[in-house]
There are 2 protein chains.
Amino acid sequence: MVQLAGELFAQKGYRATTVREIADAAGILSGSLYHHFDSKESIGDEILSGFINDVLADYRAAADSGGSPRDVLAQIVRSTSHTLARHRPALAMLQNDWSYFSGQPRFGYLRKALGEIERAWVTQLERGQAEGVFRADLDARLTYRLLRDVLWIPSQWRLAEGYTTDQVADALMRLVFEGITAPARSAEPQ
Amino acid sequence: MVQLAGELFAQKGYRATTVREIADAAGILSGSLYHHFDSKESIGDEILSGFINDVLADYRAAADSGGSPRDVLAQIVRSTSHTLARHRPALAMLQNDWSYFSGQPRFGYLRKALGEIERAWVTQLERGQAEGVFRADLDARLTYRLLRDVLWIPSQWRLAEGYTTDQVADALMRLVFEGITAPARSAEPQ
DNA sequence: GTCTATATCGAGATAGAC
DNA sequence: GTCTATCTCGATATAGAC
């Protein structure tokens with residue numbers, strides 16, 4: 001039932017989805033929904049907090065792995081790609097209705113979580129610059145914003161645009177680490 | 001007045017913004033708004049169609065310039081960066097309430113425009129691959145999705161996250177063309 | 001061109017029978 | 001655990017006075 005609601009929220013947006021539609025999808029009437037849930041808000045909370053907790057766990061695990069900056073970032077990309085895919089509805093909700101959730105006291109933990117995520121990226125990017133493996137002319141925070149967005153957004157596409165989670169993650173990592181420019185013509189296997 | 005509404009739509013989302021709030025911001029009462037506009041929808045339409053027309057003009061100009069694939073893409077990034085910045089509210093509306101607009105008959109032109117934009121990117125990416133200047137292993141459509149998103153999204157950030165439009169566009173182009181990896185230690189000026 | 005109403009509608013949520 | 005019925009509220013939009 002939470003899952004049904006999540007699909008609807010992802011599809012039409014959280015605010016645009018009515019409790020009547022959720023009840024319809026579950027094959028009951030709207031009044032009956034309130035036997036299972038306090039409110040529409042609590043359904044949203046269950047979906048979003050579960051998502052956020054999993055994402056933060058990914059970031060903490062990557063940071064604690066003690067790898068090089070590039071390894072930590074690669075691990076973040078890899079592990080969150082799967083977490084984001086598993087929680088696609090939650091992510092879609094955040095993308096679509098962020099302006100709503102971010103203003104609701106009950107969902108204040110979302111802002112905190114994003115802050116932690118930003119700090120994780122910036123830390124690794126700056127470490128990488130200090131060690132000379134990332135371009136010194138990158139603005140760490142700006143780069144984080146670009147990368148986080150490009151990492152998060154594809155997960156919002158329907159699984160069924162024809163790409164697997166790993167395909168997207170691979171394309172993304174290659175893009176991020178190498179750019180789209182072809183290597184300067186050393187012999188490279190396809 | 002359209003501009004006032006646009007700011008509110010961008011800030012709180014189109015659906016979440018009430019006509020009373022728009023009227024408030026304009027210093028009149030909600031009833032008086034309808035002397036100036038048919039409906040809330042027509043305000044949204046004015047904002048969005050103006051945006052879409054400008055963006056499409058950028059893409060057509062870039063394609064007609066007859067440059068190399070890399071030049072065409074660079075021109076798209078540069079010109080749309082400014083267009084997106086000028087129309088930040090419209091873009092925010094699309095990001096936040098896409099699920100709503102895309103389902104409304106009146107806003108059907110939005111889907112068509114996105115289709116044209118996708119074709120423009122894919123065409124240039126494939127041309128670049130054919131000419132050997134872009135990595136042959138890139139999936140053109142997938143790459144387009146990643147790049148379009150990363151190009152559009154920063155424009156949604158408030159102008160005031162401390163970056164200028166050009167800073168963002170530069171960071172983006174460097175990221176896209178080179179990746180974040182430091183060049184393999186040839187002497188390079190900082 | 002703005003005001004004071006007010007009509008209308010759809011939303012979240014509740015009460016109590018079954 | 002689901003139903004019917006209904007409450008309440010806030011939103012878009014309208015009508016007509018000033």
# chains A, B, ... in the order shown; residues from 1 in each chain; ligands from 1
call {"tool": "interface_residues", "arguments": {"of": "chain D", "to": "chain B", "cutoff": "8 Å", "atoms": "only C-alpha atoms (C1' of nucleotides)", "output": "ChimeraX atom specification"}}
result
/D:11-13
call {"tool": "interface_residues", "arguments": {"of": "chain B", "to": "chain A", "cutoff": "6 Å", "atoms": "only C-alpha atoms", "output": "count of residues only"}}
result
15
call {"tool": "atom_distance", "arguments": {"atom1": "atom CA of B:Glu116", "atom2": "atom CA of B:Asp45"}}
result
19.2 Å
call {"tool": "residues_around", "arguments": {"residues": "C:DC3", "least_positions_apart": "3", "cutoff": "8 Å", "atoms": "only C-alpha atoms (C1' of nucleotides)", "output": "ChimeraX atom specification"}}
result
/B:29,32 /D:18
call {"tool": "interface_residues", "arguments": {"of": "chain C", "to": "chain B", "cutoff": "12 Å", "atoms": "only C-alpha atoms (C1' of nucleotides)", "output": "number ranges by chain"}}
result
C: 1-6
call {"tool": "write_last_selection", "arguments": {"atoms": "N, CA, C and O atoms (P, O5', C5', C4', C3', O3' and C1' of nucleotides)", "output": "PDB file, in the first residue's frame"}}
result
ATOM      1  P    DG C   1      -7.166  49.675 -16.660  1.00  0.00           P
ATOM      2  O5'  DG C   1      -7.739  49.469 -15.151  1.00  0.00           O
ATOM      3  C5'  DG C   1      -7.045  50.241 -14.157  1.00  0.00           C
ATOM      4  C4'  DG C   1      -7.585  49.842 -12.818  1.00  0.00           C
ATOM      5  C3'  DG C   1      -7.244  48.411 -12.393  1.00  0.00           C
ATOM      6  O3'  DG C   1      -6.825  48.558 -11.052  1.00  0.00           O
ATOM      7  C1'  DG C   1      -9.527  48.747 -12.113  1.00  0.00           C
ATOM      8  P    DT C   2      -5.922  47.564 -10.335  1.00  0.00           P
ATOM      9  O5'  DT C   2      -6.669  47.336  -8.957  1.00  0.00           O
ATOM     10  C5'  DT C   2      -7.032  48.483  -8.191  1.00  0.00           C
ATOM     11  C4'  DT C   2      -8.322  48.211  -7.450  1.00  0.00           C
ATOM     12  C3'  DT C   2      -8.369  46.906  -6.660  1.00  0.00           C
ATOM     13  O3'  DT C   2      -8.101  47.164  -5.277  1.00  0.00           O
ATOM     14  C1'  DT C   2     -10.470  47.474  -7.663  1.00  0.00           C
ATOM     15  P    DC C   3      -8.256  45.991  -4.230  1.00  0.00           P
ATOM     16  O5'  DC C   3      -9.804  46.043  -3.836  1.00  0.00           O
ATOM     17  C5'  DC C   3     -10.281  47.147  -3.088  1.00  0.00           C
ATOM     18  C4'  DC C   3     -11.796  47.071  -2.952  1.00  0.00           C
ATOM     19  C3'  DC C   3     -12.297  45.838  -2.199  1.00  0.00           C
ATOM     20  O3'  DC C   3     -12.461  46.147  -0.817  1.00  0.00           O
ATOM     21  C1'  DC C   3     -13.565  46.212  -4.205  1.00  0.00           C
ATOM     22  P    DT C   4     -12.753  44.930   0.189  1.00  0.00           P
ATOM     23  O5'  DT C   4     -14.274  44.545  -0.086  1.00  0.00           O
ATOM     24  C5'  DT C   4     -15.317  45.499   0.115  1.00  0.00           C
ATOM     25  C4'  DT C   4     -16.659  44.819  -0.121  1.00  0.00           C
ATOM     26  C3'  DT C   4     -16.889  43.597   0.766  1.00  0.00           C
ATOM     27  O3'  DT C   4     -18.259  43.559   1.154  1.00  0.00           O
ATOM     28  C1'  DT C   4     -17.022  42.969  -1.511  1.00  0.00           C
ATOM     29  P    DA C   5     -18.723  42.499   2.267  1.00  0.00           P
ATOM     30  O5'  DA C   5     -18.289  41.085   1.687  1.00  0.00           O
ATOM     31  C5'  DA C   5     -19.208  40.020   1.736  1.00  0.00           C
ATOM     32  C4'  DA C   5     -20.015  39.945   0.443  1.00  0.00           C
ATOM     33  C3'  DA C   5     -20.544  38.550   0.164  1.00  0.00           C
ATOM     34  O3'  DA C   5     -21.945  38.538   0.323  1.00  0.00           O
ATOM     35  C1'  DA C   5     -19.276  39.421  -1.701  1.00  0.00           C
ATOM     36  P    DT C   6     -22.589  37.199   0.918  1.00  0.00           P
ATOM     37  O5'  DT C   6     -22.482  36.194  -0.317  1.00  0.00           O
ATOM     38  C5'  DT C   6     -22.700  36.684  -1.644  1.00  0.00           C
ATOM     39  C4'  DT C   6     -22.208  35.643  -2.628  1.00  0.00           C
ATOM     40  C3'  DT C   6     -22.352  34.200  -2.111  1.00  0.00           C
ATOM     41  O3'  DT C   6     -22.932  33.436  -3.130  1.00  0.00           O
ATOM     42  C1'  DT C   6     -20.218  34.529  -2.989  1.00  0.00           C
TER      43       DT C   6
END
call {"tool": "select_by_dssp", "arguments": {"residues": "stretch 9-173 of chain B", "states": "alpha helix (DSSP H)", "output": "ChimeraX atom specification"}}
result
/B:9-12,19-26,30-36,40-64,69-86,88-101,108-130,140-152,165-173
call {"tool": "atom_distance", "arguments": {"atom1": "atom CA of A:Gly115", "atom2": "atom CA of B:Arg86"}}
result
27.8 Å
call {"tool": "residues_around", "arguments": {"residues": "D:DT4", "least_positions_apart": "2", "cutoff": "10 Å", "atoms": "only C-alpha atoms (C1' of nucleotides)", "output": "PyMOL selection string"}}
result
(chain A and resi 31) or (chain C and resi 16-17) or (chain D and resi 6)
call {"tool": "atom_distance", "arguments": {"atom1": "atom CA of A:Asn53", "atom2": "atom CA of A:Asp170"}}
result
24.2 Å
call {"tool": "residues_around", "arguments": {"residues": "A:Gly44", "least_positions_apart": "2", "cutoff": "10 Å", "atoms": "only C-alpha atoms (C1' of nucleotides)", "output": "number ranges by chain"}}
result
A: 2, 5-6, 9, 14, 39-42, 46-49, 90, 93, 101, 107
call {"tool": "decode", "arguments": {"residues": "chain D", "atoms": "C-alpha atoms (C1' of nucleotides)", "output": "PDB file, in the first residue's frame"}}
result
ATOM      1  C1'  DG D   1     -11.364  -3.588   7.736  1.00  0.00           C
ATOM      2  C1'  DT D   2     -14.437  -1.489   4.728  1.00  0.00           C
ATOM      3  C1'  DC D   3     -18.451   1.007   3.872  1.00  0.00           C
ATOM      4  C1'  DT D   4     -21.619   5.428   3.557  1.00  0.00           C
ATOM      5  C1'  DA D   5     -22.106   9.901   4.655  1.00  0.00           C
ATOM      6  C1'  DT D   6     -20.512  14.118   5.859  1.00  0.00           C
ATOM      7  C1'  DC D   7     -17.555  17.942   7.792  1.00  0.00           C
ATOM      8  C1'  DT D   8     -14.322  21.473   6.903  1.00  0.00           C
ATOM      9  C1'  DC D   9     -11.309  23.989   4.488  1.00  0.00           C
ATOM     10  C1'  DG D  10      -8.979  26.288   0.866  1.00  0.00           C
ATOM     11  C1'  DA D  11      -8.764  26.998  -3.973  1.00  0.00           C
ATOM     12  C1'  DT D  12     -10.356  29.016  -8.638  1.00  0.00           C
ATOM     13  C1'  DA D  13     -13.407  31.841 -10.497  1.00  0.00           C
ATOM     14  C1'  DT D  14     -17.648  35.008 -10.977  1.00  0.00           C
ATOM     15  C1'  DA D  15     -21.134  38.966 -10.226  1.00  0.00           C
ATOM     16  C1'  DG D  16     -22.059  43.287  -9.493  1.00  0.00           C
ATOM     17  C1'  DA D  17     -21.362  47.578  -6.658  1.00  0.00           C
ATOM     18  C1'  DC D  18     -18.224  51.601  -6.444  1.00  0.00           C
TER      19       DC D  18
END
